[in-house]
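Next up, data03.txt (compact mmCIF, C-alpha atoms):
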```
# COMPACT_ATOMS: atom_id res chain seq x y z
CA MET A 14 54.69 -11.59 -139.26
CA PHE A 15 52.20 -9.57 -141.32
CA GLU A 16 53.98 -8.64 -144.58
CA LYS A 17 54.69 -12.01 -146.12
CA VAL A 18 53.48 -11.81 -149.72
CA LYS A 19 56.50 -11.51 -152.04
CA GLU A 20 57.63 -12.15 -155.60
CA PRO A 21 59.24 -15.62 -155.96
CA ILE A 22 62.86 -14.48 -156.40
CA GLU A 23 62.51 -11.89 -153.64
CA ALA A 24 61.21 -14.58 -151.25
CA LEU A 25 64.14 -16.88 -152.12
CA ARG A 26 66.69 -14.05 -151.67
CA LEU A 27 65.20 -13.06 -148.32
CA SER A 28 65.50 -16.75 -147.33
CA ASN A 29 69.21 -16.55 -148.24
CA LEU A 30 69.15 -19.10 -151.06
CA LYS A 31 72.71 -19.63 -152.34
CA ASP A 32 75.01 -22.26 -153.84
CA GLY A 33 75.08 -25.28 -151.54
CA SER A 34 71.77 -24.51 -149.80
CA SER A 35 69.64 -27.41 -148.57
CA LEU A 36 66.04 -27.34 -149.74
CA VAL A 37 63.09 -29.32 -148.42
CA ILE A 38 60.67 -29.53 -151.36
CA ALA A 39 57.18 -30.98 -150.97
CA GLY A 40 55.20 -32.97 -153.52
CA PHE A 41 54.54 -36.53 -154.64
CA LEU A 42 55.49 -37.07 -158.28
CA ALA A 43 55.22 -33.27 -158.69
CA ASN A 44 51.64 -33.20 -157.39
CA GLY A 45 51.77 -30.56 -154.63
CA THR A 46 55.14 -29.16 -155.75
CA SER A 47 55.49 -25.41 -156.32
CA GLU A 48 56.50 -25.12 -159.97
CA ILE A 49 56.69 -21.31 -159.62
CA LEU A 50 59.34 -21.52 -156.89
CA VAL A 51 61.28 -24.31 -158.67
CA ASP A 52 61.37 -22.11 -161.79
CA ALA A 53 62.60 -19.15 -159.70
CA ILE A 54 65.37 -21.31 -158.17
CA LEU A 55 66.43 -22.28 -161.71
CA GLU A 56 66.36 -18.65 -162.84
CA MET A 57 68.60 -17.56 -159.92
CA GLY A 58 71.29 -19.94 -161.21
CA VAL A 59 72.18 -21.48 -157.84
CA LYS A 60 73.93 -24.86 -157.89
CA GLU A 61 75.36 -27.60 -155.63
CA LEU A 62 71.97 -27.80 -153.93
CA MET A 63 70.92 -30.53 -151.54
CA ILE A 64 67.28 -31.52 -151.95
CA ILE A 65 65.17 -33.38 -149.41
CA CYS A 66 62.08 -34.73 -151.17
CA ASN A 67 59.82 -37.75 -151.61
CA ASP A 68 60.91 -38.43 -155.20
CA THR A 69 62.75 -36.69 -158.03
CA SER A 70 59.59 -36.43 -160.14
CA PHE A 71 59.92 -36.51 -163.94
CA PRO A 72 62.73 -34.76 -165.91
CA ASP A 73 60.55 -31.80 -166.94
CA LYS A 74 58.37 -31.41 -163.85
CA GLY A 75 58.95 -30.06 -160.35
CA ILE A 76 62.20 -31.19 -158.71
CA GLY A 77 63.09 -33.07 -161.89
CA LYS A 78 63.94 -29.77 -163.60
CA LEU A 79 66.62 -28.99 -160.98
CA ILE A 80 68.15 -32.45 -161.52
CA LYS A 81 68.05 -32.20 -165.31
CA ASN A 82 69.75 -28.79 -165.19
CA LYS A 83 72.51 -30.21 -162.92
CA ARG A 84 71.82 -27.91 -159.99
CA VAL A 85 71.76 -30.70 -157.44
CA ARG A 86 74.73 -32.24 -155.62
CA LYS A 87 72.76 -34.58 -153.36
CA VAL A 88 69.21 -35.80 -152.81
CA ILE A 89 67.75 -37.38 -149.72
CA THR A 90 64.72 -39.16 -151.13
CA THR A 91 62.60 -42.30 -151.19
CA HIS A 92 62.43 -42.92 -154.93
CA ILE A 93 64.13 -41.95 -158.22
CA GLY A 94 62.39 -44.50 -160.46
CA THR A 95 60.35 -41.98 -162.46
CA ASN A 96 63.30 -39.80 -163.43
CA PRO A 97 65.83 -41.44 -165.80
CA GLU A 98 68.00 -38.31 -165.48
CA THR A 99 68.51 -38.89 -161.72
CA GLN A 100 69.23 -42.58 -162.38
CA LYS A 101 71.81 -41.68 -165.03
CA GLN A 102 73.56 -39.10 -162.83
CA TYR A 103 73.52 -41.55 -159.89
CA ILE A 104 75.07 -44.38 -161.92
CA ASN A 105 77.69 -41.92 -163.29
CA LYS A 106 78.36 -40.70 -159.72
CA GLU A 107 77.44 -37.11 -160.64
CA ILE A 108 74.83 -36.98 -157.90
CA GLU A 109 74.69 -38.45 -154.42
CA VAL A 110 71.47 -40.22 -153.44
CA ASP A 111 70.50 -41.19 -149.89
CA PHE A 112 67.51 -43.53 -149.96
CA VAL A 113 65.09 -43.25 -147.03
CA PRO A 114 61.83 -45.18 -146.52
CA GLN A 115 58.90 -42.82 -147.03
CA GLY A 116 57.43 -43.22 -143.55
CA THR A 117 60.86 -42.63 -142.03
CA LEU A 118 61.42 -39.50 -144.13
CA ILE A 119 58.19 -37.90 -142.94
CA GLU A 120 58.84 -38.78 -139.28
CA ARG A 121 62.40 -37.41 -139.39
CA LEU A 122 61.10 -34.10 -140.79
CA ARG A 123 58.33 -34.01 -138.21
CA ALA A 124 60.82 -34.80 -135.42
CA TYR A 125 62.85 -31.71 -136.34
CA GLY A 126 59.77 -29.49 -136.41
CA ALA A 127 58.45 -30.93 -133.16
CA GLY A 128 61.71 -30.54 -131.25
CA LEU A 129 62.25 -34.28 -130.86
CA GLY A 130 65.68 -35.90 -130.71
CA GLY A 131 64.81 -38.50 -133.35
CA ILE A 132 62.52 -41.48 -133.82
CA LEU A 133 62.60 -45.26 -133.38
CA THR A 134 61.16 -47.26 -136.27
CA PRO A 135 61.08 -50.98 -137.13
CA VAL A 136 61.21 -50.05 -140.84
CA GLY A 137 64.53 -50.83 -142.52
CA VAL A 138 65.68 -53.46 -139.99
CA GLY A 139 67.45 -56.23 -141.90
CA THR A 140 67.98 -54.04 -144.99
CA ILE A 141 70.79 -51.71 -146.09
CA VAL A 142 68.84 -48.84 -144.51
CA GLU A 143 70.14 -50.02 -141.12
CA GLU A 144 73.80 -49.54 -142.11
CA GLY A 145 75.62 -47.12 -139.83
CA LYS A 146 72.61 -46.64 -137.57
CA GLN A 147 72.10 -47.39 -133.93
CA LYS A 148 69.82 -50.39 -133.34
CA ILE A 149 67.75 -50.41 -130.19
CA VAL A 150 65.88 -53.43 -128.80
CA LEU A 151 62.76 -52.65 -126.79
CA ASN A 152 60.53 -55.43 -125.43
CA GLY A 153 62.26 -57.88 -127.75
CA LYS A 154 61.64 -55.87 -130.91
CA GLU A 155 64.37 -54.19 -133.00
CA TYR A 156 64.16 -50.53 -133.97
CA LEU A 157 66.42 -48.18 -135.87
CA PHE A 158 67.24 -44.80 -134.37
CA GLU A 159 66.66 -42.18 -137.05
CA GLU A 160 67.81 -38.58 -136.63
CA PRO A 161 65.72 -35.44 -137.20
CA LEU A 162 66.02 -33.91 -140.67
CA SER A 163 65.66 -30.33 -141.89
CA GLY A 164 66.85 -27.89 -144.53
CA ASP A 165 67.71 -24.22 -144.96
CA ILE A 166 64.50 -23.50 -146.88
CA SER A 167 61.21 -25.40 -147.19
CA ILE A 168 59.27 -24.99 -150.42
CA ILE A 169 55.61 -25.84 -150.01
CA LYS A 170 52.30 -25.30 -151.82
CA ALA A 171 48.72 -24.82 -150.70
CA LYS A 172 45.40 -24.28 -152.47
CA TRP A 173 44.19 -21.61 -150.05
CA GLY A 174 45.89 -19.28 -147.61
CA ASP A 175 45.65 -15.84 -146.05
CA GLU A 176 48.22 -13.07 -145.79
CA PHE A 177 49.14 -14.21 -142.27
CA GLY A 178 50.28 -17.53 -143.76
CA ASN A 179 47.45 -19.74 -142.56
CA LEU A 180 47.15 -22.58 -145.11
CA LYS A 181 44.64 -25.14 -146.29
CA TYR A 182 45.45 -27.89 -148.77
CA TYR A 183 43.55 -29.79 -151.47
CA GLY A 184 43.22 -33.47 -152.37
CA THR A 185 46.37 -35.55 -152.70
CA ALA A 186 48.39 -32.37 -153.39
CA ARG A 187 48.50 -32.19 -149.57
CA ASN A 188 51.05 -35.05 -149.14
CA PHE A 189 54.34 -33.78 -147.65
CA ASN A 190 53.30 -30.10 -147.45
CA PRO A 191 51.96 -29.82 -143.87
CA VAL A 192 54.98 -31.57 -142.32
CA MET A 193 57.58 -29.95 -144.60
CA ALA A 194 56.19 -26.59 -143.42
CA LEU A 195 57.77 -27.52 -140.05
CA ALA A 196 61.18 -28.54 -141.35
CA GLY A 197 62.85 -25.49 -142.91
CA LYS A 198 64.73 -22.65 -141.22
CA LYS A 199 62.76 -20.49 -143.65
CA VAL A 200 59.48 -21.60 -145.21
CA ILE A 201 58.09 -20.26 -148.50
CA ALA A 202 54.56 -21.23 -149.54
CA GLU A 203 53.08 -20.92 -153.02
CA VAL A 204 49.40 -20.25 -152.45
CA GLU A 205 46.89 -20.51 -155.28
CA ASN A 206 44.18 -18.39 -153.64
CA ILE A 207 45.50 -15.72 -151.26
CA LEU A 208 42.84 -14.23 -148.98
CA LYS A 209 43.00 -11.14 -146.76
CA VAL A 210 43.54 -11.81 -143.06
CA GLY A 211 40.15 -12.80 -141.69
CA GLY A 212 39.18 -14.51 -144.92
CA MET A 213 39.83 -18.03 -143.66
CA ASN A 214 37.70 -19.99 -141.24
CA PRO A 215 39.99 -20.87 -138.27
CA ASN A 216 38.34 -24.32 -138.14
CA GLU A 217 39.75 -25.11 -141.56
CA VAL A 218 43.34 -23.92 -141.11
CA GLU A 219 45.72 -26.89 -141.47
CA THR A 220 49.04 -25.04 -141.15
CA PRO A 221 48.92 -22.08 -138.75
CA GLY A 222 50.57 -18.97 -140.24
CA ILE A 223 53.47 -18.82 -137.75
CA PHE A 224 55.18 -21.64 -139.66
CA VAL A 225 55.25 -19.66 -142.93
CA ASP A 226 57.82 -16.91 -143.59
CA TYR A 227 56.92 -15.86 -147.15
CA ILE A 228 53.96 -16.31 -149.47
CA VAL A 229 54.11 -16.37 -153.25
CA LYS A 230 51.06 -16.05 -155.48
CA GLY A 231 50.38 -19.34 -157.23
CA GLY A 232 48.91 -20.23 -160.57
CA ASN A 233 46.60 -23.20 -160.98
CA MET B 20 45.85 -66.33 -170.71
CA ASP B 21 48.19 -63.39 -170.07
CA PRO B 22 50.52 -64.15 -167.10
CA LYS B 23 49.84 -60.78 -165.49
CA GLU B 24 46.09 -61.34 -165.75
CA ILE B 25 46.38 -64.75 -164.06
CA ILE B 26 48.40 -63.24 -161.22
CA ALA B 27 46.08 -60.27 -160.71
CA LYS B 28 42.94 -62.45 -160.82
CA ARG B 29 44.32 -64.91 -158.29
CA VAL B 30 45.54 -62.18 -155.89
CA ALA B 31 42.10 -60.55 -156.05
CA LYS B 32 40.57 -63.75 -154.64
CA GLU B 33 42.68 -63.29 -151.47
CA LEU B 34 40.86 -60.07 -150.60
CA LYS B 35 37.94 -60.13 -148.19
CA ASP B 36 34.94 -57.89 -147.74
CA GLY B 37 36.02 -54.77 -145.79
CA ASP B 38 39.76 -55.28 -146.23
CA ILE B 39 41.90 -52.13 -146.34
CA VAL B 40 44.40 -52.73 -149.12
CA ASN B 41 47.42 -50.98 -150.63
CA LEU B 42 48.51 -52.04 -154.12
CA GLY B 43 52.07 -51.38 -155.28
CA PHE B 44 53.20 -50.44 -158.80
CA GLY B 45 53.12 -52.84 -161.74
CA ILE B 46 51.20 -56.12 -161.60
CA PRO B 47 49.69 -55.31 -158.15
CA THR B 48 47.88 -52.29 -159.65
CA LEU B 49 45.95 -54.67 -161.96
CA VAL B 50 44.41 -56.49 -158.97
CA SER B 51 41.75 -53.79 -158.58
CA ASN B 52 40.27 -54.87 -161.96
CA TYR B 53 39.33 -58.33 -160.66
CA ILE B 54 37.73 -57.84 -157.22
CA PRO B 55 35.02 -60.52 -156.90
CA GLU B 56 31.37 -59.46 -156.95
CA GLY B 57 30.06 -58.49 -153.51
CA VAL B 58 33.50 -57.98 -151.97
CA ARG B 59 33.94 -54.38 -150.83
CA VAL B 60 37.64 -53.60 -150.70
CA ILE B 61 38.87 -50.20 -149.47
CA PHE B 62 42.00 -49.10 -151.35
CA GLN B 63 44.56 -46.86 -149.68
CA GLY B 64 47.13 -44.81 -151.57
CA GLU B 65 50.24 -43.83 -149.60
CA ASN B 66 50.15 -40.42 -151.30
CA GLY B 67 47.25 -39.62 -148.98
CA ILE B 68 43.91 -41.12 -150.02
CA LEU B 69 41.62 -43.75 -148.54
CA GLY B 70 38.74 -44.99 -150.68
CA ILE B 71 40.05 -44.96 -154.25
CA GLY B 72 37.21 -45.32 -156.73
CA GLY B 73 39.00 -46.28 -159.93
CA GLU B 74 40.56 -44.19 -162.67
CA ASN B 75 38.84 -40.89 -163.45
CA LYS B 76 39.06 -40.66 -167.23
CA GLU B 77 35.93 -38.54 -167.75
CA ASN B 78 36.80 -35.61 -165.52
CA PRO B 79 40.42 -35.99 -164.36
CA ASP B 80 41.63 -33.85 -161.45
CA TYR B 81 45.43 -34.06 -161.30
CA GLU B 82 45.38 -33.18 -157.60
CA ILE B 83 43.20 -36.19 -156.76
CA THR B 84 45.39 -39.14 -157.66
CA ASN B 85 46.53 -42.60 -156.65
CA ALA B 86 50.16 -43.31 -155.73
CA GLY B 87 50.93 -43.85 -159.42
CA ASN B 88 49.88 -40.24 -160.18
CA THR B 89 46.74 -41.35 -162.06
CA PRO B 90 43.64 -39.18 -161.45
CA VAL B 91 41.05 -41.25 -159.59
CA LYS B 92 37.41 -41.04 -158.57
CA ILE B 93 36.45 -40.64 -154.95
CA LEU B 94 33.79 -42.58 -153.06
CA PRO B 95 31.19 -41.32 -150.55
CA PHE B 96 33.43 -42.38 -147.62
CA SER B 97 36.78 -41.29 -149.12
CA SER B 98 39.24 -39.10 -147.26
CA PHE B 99 42.46 -37.22 -148.00
CA PHE B 100 45.29 -36.84 -145.51
CA ASP B 101 48.94 -35.91 -145.38
CA THR B 102 51.95 -38.24 -145.58
CA PHE B 103 52.36 -38.28 -141.80
CA LEU B 104 48.87 -39.69 -141.29
CA SER B 105 49.17 -41.98 -144.31
CA PHE B 106 52.24 -43.68 -142.85
CA THR B 107 50.71 -43.69 -139.38
CA MET B 108 48.03 -45.88 -140.98
CA ILE B 109 50.57 -47.99 -142.83
CA ARG B 110 53.25 -48.49 -140.18
CA GLY B 111 50.75 -48.53 -137.34
CA GLY B 112 49.14 -51.74 -138.58
CA HIS B 113 45.85 -50.33 -139.86
CA LEU B 114 46.10 -51.98 -143.31
CA ASP B 115 44.95 -55.56 -143.84
CA VAL B 116 46.72 -56.47 -147.05
CA THR B 117 49.60 -55.04 -149.06
CA VAL B 118 50.39 -56.35 -152.54
CA LEU B 119 53.87 -55.57 -153.88
CA GLY B 120 55.81 -56.55 -156.96
CA GLY B 121 59.07 -58.38 -156.59
CA ILE B 122 62.50 -58.87 -158.12
CA GLN B 123 63.27 -61.81 -155.81
CA VAL B 124 61.66 -63.60 -152.87
CA ASP B 125 63.54 -66.22 -150.87
CA GLU B 126 62.94 -69.21 -148.58
CA GLU B 127 62.78 -67.00 -145.47
CA GLY B 128 60.15 -64.68 -146.94
CA ASN B 129 62.65 -61.92 -147.65
CA LEU B 130 61.68 -59.56 -150.47
CA ALA B 131 63.99 -57.65 -152.81
CA ASN B 132 62.19 -55.22 -155.10
CA TRP B 133 63.85 -51.81 -155.27
CA ILE B 134 67.33 -51.96 -156.70
CA ILE B 135 69.63 -54.06 -158.87
CA PRO B 136 72.95 -52.36 -158.07
CA GLY B 137 74.42 -50.63 -161.13
CA LYS B 138 71.42 -51.51 -163.31
CA MET B 139 67.88 -50.88 -162.17
CA ILE B 140 67.34 -48.29 -159.47
CA ALA B 141 63.79 -47.40 -158.55
CA GLY B 142 63.82 -46.68 -154.87
CA ILE B 143 62.16 -47.63 -151.64
CA GLY B 144 59.14 -45.34 -151.78
CA GLY B 145 56.59 -46.62 -149.28
CA ALA B 146 57.42 -50.30 -149.80
CA MET B 147 59.50 -50.87 -146.65
CA ASP B 148 56.88 -49.27 -144.42
CA LEU B 149 54.07 -51.18 -146.17
CA ALA B 150 55.91 -54.50 -145.84
CA VAL B 151 56.56 -53.99 -142.12
CA GLY B 152 53.19 -52.53 -141.16
CA SER B 153 50.70 -54.59 -143.17
CA LYS B 154 48.98 -57.58 -141.59
CA LYS B 155 49.48 -59.62 -144.76
CA LEU B 156 52.14 -59.03 -147.41
CA ILE B 157 51.44 -60.67 -150.78
CA VAL B 158 54.08 -60.57 -153.52
CA ALA B 159 52.59 -60.60 -157.02
CA MET B 160 55.22 -61.26 -159.68
CA GLU B 161 56.04 -63.38 -162.69
CA HIS B 162 57.62 -66.72 -161.80
CA THR B 163 60.83 -66.09 -163.75
CA ALA B 164 62.67 -63.17 -165.34
CA LYS B 165 64.36 -63.92 -168.67
CA GLY B 166 64.17 -67.60 -167.76
CA GLU B 167 65.85 -67.12 -164.38
CA PRO B 168 63.93 -68.11 -161.22
CA LYS B 169 62.76 -65.21 -159.05
CA ILE B 170 61.89 -67.46 -156.10
CA VAL B 171 65.35 -68.21 -154.78
CA LYS B 172 67.20 -69.77 -151.84
CA LYS B 173 68.55 -66.43 -150.73
CA CYS B 174 67.91 -62.98 -152.21
CA LYS B 175 70.95 -61.69 -154.05
CA TYR B 176 69.77 -58.07 -154.26
CA PRO B 177 69.29 -55.55 -151.42
CA LEU B 178 66.19 -56.34 -149.38
CA THR B 179 63.02 -54.34 -149.12
CA ALA B 180 61.85 -56.29 -146.10
CA SER B 181 63.23 -59.07 -143.96
CA LYS B 182 60.99 -62.14 -143.35
CA LYS B 183 57.69 -60.39 -144.05
CA VAL B 184 56.27 -62.09 -147.17
CA LYS B 185 53.25 -64.30 -146.37
CA LEU B 186 52.14 -65.34 -149.86
CA ILE B 187 53.69 -65.41 -153.33
CA VAL B 188 51.38 -65.44 -156.34
CA THR B 189 52.82 -66.04 -159.82
CA GLU B 190 51.25 -67.10 -163.14
CA LEU B 191 52.27 -70.68 -162.27
CA ALA B 192 51.74 -71.05 -158.55
CA VAL B 193 50.48 -69.88 -155.18
CA ILE B 194 53.17 -70.35 -152.56
CA GLU B 195 52.76 -69.82 -148.84
CA VAL B 196 55.65 -68.72 -146.66
CA ASN B 197 55.82 -70.01 -143.11
CA SER B 198 58.55 -70.63 -140.55
CA ASP B 199 59.41 -74.00 -142.15
CA GLY B 200 59.91 -72.56 -145.62
CA LEU B 201 57.87 -72.38 -148.82
CA PHE B 202 54.73 -74.45 -149.41
CA LEU B 203 53.26 -74.96 -152.87
CA LYS B 204 49.50 -74.57 -152.29
CA GLU B 205 48.15 -74.18 -155.82
CA ILE B 206 49.30 -74.49 -159.40
CA SER B 207 47.76 -72.85 -162.45
CA PRO B 208 45.60 -74.95 -164.82
CA PHE B 209 48.28 -74.39 -167.49
CA THR B 210 51.26 -75.96 -165.70
CA SER B 211 52.45 -79.02 -163.75
CA VAL B 212 54.15 -79.48 -160.38
CA GLU B 213 57.31 -80.54 -162.26
CA GLU B 214 57.37 -77.31 -164.27
CA VAL B 215 56.88 -75.21 -161.13
CA ILE B 216 59.73 -77.01 -159.33
CA SER B 217 62.04 -76.71 -162.34
CA LYS B 218 61.43 -72.96 -162.51
CA THR B 219 61.93 -72.38 -158.78
CA GLU B 220 65.38 -72.24 -157.20
CA ALA B 221 64.09 -72.32 -153.61
CA LYS B 222 63.10 -75.58 -151.96
CA LEU B 223 59.33 -76.13 -152.24
CA SER B 224 57.29 -78.42 -150.02
CA ILE B 225 54.20 -79.69 -151.82
CA SER B 226 51.05 -79.09 -149.82
CA LYS B 227 49.01 -82.26 -149.03
CA ASP B 228 45.89 -80.65 -150.45
CA LEU B 229 47.49 -79.12 -153.55
CA LYS B 230 44.83 -77.38 -155.62
CA VAL B 231 44.47 -76.00 -159.11
CA MET B 232 44.05 -72.20 -159.17
CA ASP B 233 40.43 -71.12 -159.48
CA LEU B 234 40.53 -68.38 -162.10
```

Please render this file's structure as structure tokens.
Amino acid sequence: MFEKVKEPIEALRLSNLKDGSSLVIAGFLANGTSEILVDAILEMGVKELMIICNDTSFPDKGIGKLIKNKRVRKVITTHIGTNPETQKQYINKEIEVDFVPQGTLIERLRAYGAGLGGILTPVGVGTIVEEGKQKIVLNGKEYLFEEPLSGDISIIKAKWGDEFGNLKYYGTARNFNPVMALAGKKVIAEVENILKVGGMNPNEVETPGIFVDYIVKGGN
Amino acid sequence: MDPKEIIAKRVAKELKDGDIVNLGFGIPTLVSNYIPEGVRVIFQGENGILGIGGENKENPDYEITNAGNTPVKILPFSSFFDTFLSFTMIRGGHLDVTVLGGIQVDEEGNLANWIIPGKMIAGIGGAMDLAVGSKKLIVAMEHTAKGEPKIVKKCKYPLTASKKVKLIVTELAVIEVNSDGLFLKEISPFTSVEEVISKTEAKLSISKDLKVMDL
């Protein structure tokens, strides 16, 4: 619980990254995505990955680099519109894409982290999102039952953190990071400014350190 | 006048002082350029910002952005939050107006805007949550695509939202959706009722007090 700061590849090895692993990667169009950890994943040469993410970014940024280098077998995502490489691989059936509404994606990840059995949402009713899902009517209103979602490793990023793993985020780079910190069996955080334990004001901690397994020094 | 400018200008007139508004990609983004004088609109970005103050060209911070990844200015009352809270706002009914682009809208107020199977694949993003949670869903789109009507009897492409569209604004017309179908409320100064009908596949009822768009 107290020796968490590692080199990127060491943190990924300790988290048992291998071919076929499922990764929960935070960020919104690469804003808030750990480029250092994505580069380390590329360098390790693993393939057949499953990625859970908001979007597949751009071909040369964040998650987009894993797609472009054909390391990904499947993505569970809300949007691929900014990455022509994902679109091409999807049309050619080289990659599997499960589309999830953004608000449903975040709640499914949160449900896993919070120990809930799933969520009921009105979003997706009457669309192809409802296919294969249980529909529940409560007080005359239709909801879809959506299952919890998690991965083997969560990759997150924070502006500030201490060596215990307490984290604080910045601006709109926050996005999926606080909830994705709850949704991996192992959680690795890239932290731009790493402080000694005691260096953070407890009032400002957004992710308590117990959710973070390893910390990697970030750039800016 | 540029069709997109007509659409954006007319949509902007729908917004009221104090409205909390989310603008989708494309034409909807342009709406923020035409907010009438004295109307204070609060823009939300689903990436986790409330109170967007326009593009920040002078001193861009790439970690303070709108949902299109453009660096933006913040306002004295702005706040940042995570995706969980952003969609709690959106799905929980705390937004007044959402403006989305469209591929097709039909007579029941169904919207298709995220995929043309085998051709154009963007994705759902926040659109399904926005369409369900917003008090008023406006679709801002061009009236036709390559000459083909976009306002149709029944959407051919996969839906984004079922029966949620309240208003359609195009460069030719303002069309209200209610339980009886589509009502032509306004036409642009550069068209006629006949042209609007000929470029619309869906059945249109002509409003008794049909107006010319005030641009």

What box, with edges along x, y and z, holds each listed atom of range 199-202 of chain A when 4 Å is added on every side, and can you state its centre and edge lengths in Å to one decimal, as AutoDock Vina command-line options?
```
--center_x 58.7 --center_y -20.9 --center_z -146.6 --size_x 16.2 --size_y 9.3 --size_z 13.9
```

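Residues lying within 9 Å of (64.1, -61.0, -145.0). Counted over only C-alpha atoms, they are Gly139 and Thr140 of chain A; Val124, Asp125, Glu127, Gly128, Asn129, Leu130, Ala131, Cys174, Leu178, Thr179, Ala180, Ser181, Lys182, Lys183 and Val184 of chain B.
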
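Shortest separation to Glu120 in chain A among B:Phe202, B:Trp133, B:Phe99, B:Phe106 occurs at residue B:Phe106, atoms counted being only C-alpha atoms.
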
Contact residues (chain A, partner chain B, 6 Å, all atoms listed in the file) as a list in words: Thr91, His92, Ile93, Gly94, Pro114, Gln115, Gly116, Ile119, Val136, Gly139, Thr140, Gly184, Thr185, Ala186, Arg187, Asn188 and Phe189 of chain A

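Picture a line from CA of Leu94 in chain B to CA of Val60 in chain B; it runs 11.9 Å.
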
Contacts of Val58 in chain B at 8 Å (only C-alpha atoms; same-chain gap of 2+ positions) as a PyMOL selection string: chain B and resi 34-37+54-56+60

Could those selected residues go to a file with C-alpha atoms, as an mmCIF file, in the frame of the given file?
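Done, and the output landed in result38.cif:
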```cif
data_model
loop_
_atom_site.group_PDB
_atom_site.id
_atom_site.type_symbol
_atom_site.label_atom_id
_atom_site.label_comp_id
_atom_site.auth_asym_id
_atom_site.auth_seq_id
_atom_site.Cartn_x
_atom_site.Cartn_y
_atom_site.Cartn_z
ATOM 1 C CA LEU B 34 40.860 -60.070 -150.600
ATOM 2 C CA LYS B 35 37.940 -60.130 -148.190
ATOM 3 C CA ASP B 36 34.940 -57.890 -147.740
ATOM 4 C CA GLY B 37 36.020 -54.770 -145.790
ATOM 5 C CA ILE B 54 37.730 -57.840 -157.220
ATOM 6 C CA PRO B 55 35.020 -60.520 -156.900
ATOM 7 C CA GLU B 56 31.370 -59.460 -156.950
ATOM 8 C CA VAL B 60 37.640 -53.600 -150.700
#
```

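Here CA of Glu213 in chain B and CA of Val50 in chain B stand 27.5 Å from one another.
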
Residues near range 172-175 of chain A, cut-off 9 Å, only C-alpha atoms, skip fewer than 3 positions along chain, as JSON, numbers by chain: {"A": [178, 179, 180, 181, 182, 183, 186, 187, 203, 204, 205, 206, 207, 208, 209, 210, 211, 212, 213, 218, 222, 228, 231, 233]}

Exercise: Val37 in chain A partners within 7 Å, only C-alpha atoms, chain neighbours under 5 positions left out, as a ChimeraX atom specification: /A:64-66,164,166-168,193,197

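CA of Thr89 in chain B is positioned 18.8 Å from CA of Ile76 in chain A.
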
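For the residues B:Ile170, B:Leu234, B:Leu119, B:Ile135, ranking by smallest atom-to-atom distance to Leu203 in chain B using only C-alpha atoms places B:Ile170 first.
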
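For the choices A:Ala202, A:Pro215, A:Ile132, A:Ile141, the atom-to-atom distance to Leu157 in chain A is smallest for A:Ile132 when using only C-alpha atoms.
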
Nearest candidate to Glu214 in chain B (options B:Glu74, B:Asp199, B:Glu190, B:Asp233; using only C-alpha atoms): B:Glu190

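With distances restricted to only C-alpha atoms, B:Ala159 is the closest residue to Ala31 in chain B from B:Ile122, B:Val171, B:Ile216, B:Ala159.
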
Distance query Arg26 in chain A at most 10 Å, only C-alpha atoms, self and fewer than 4 positions along chain excluded, as a VMD selection string: chain A and resid 21 to 22 30 to 31 54 57

Among the residues A:Gly33, A:Gly131, A:Gly40, A:Pro97, the one that comes closest to Ala194 in chain A [using all atoms listed in the file]: A:Gly40
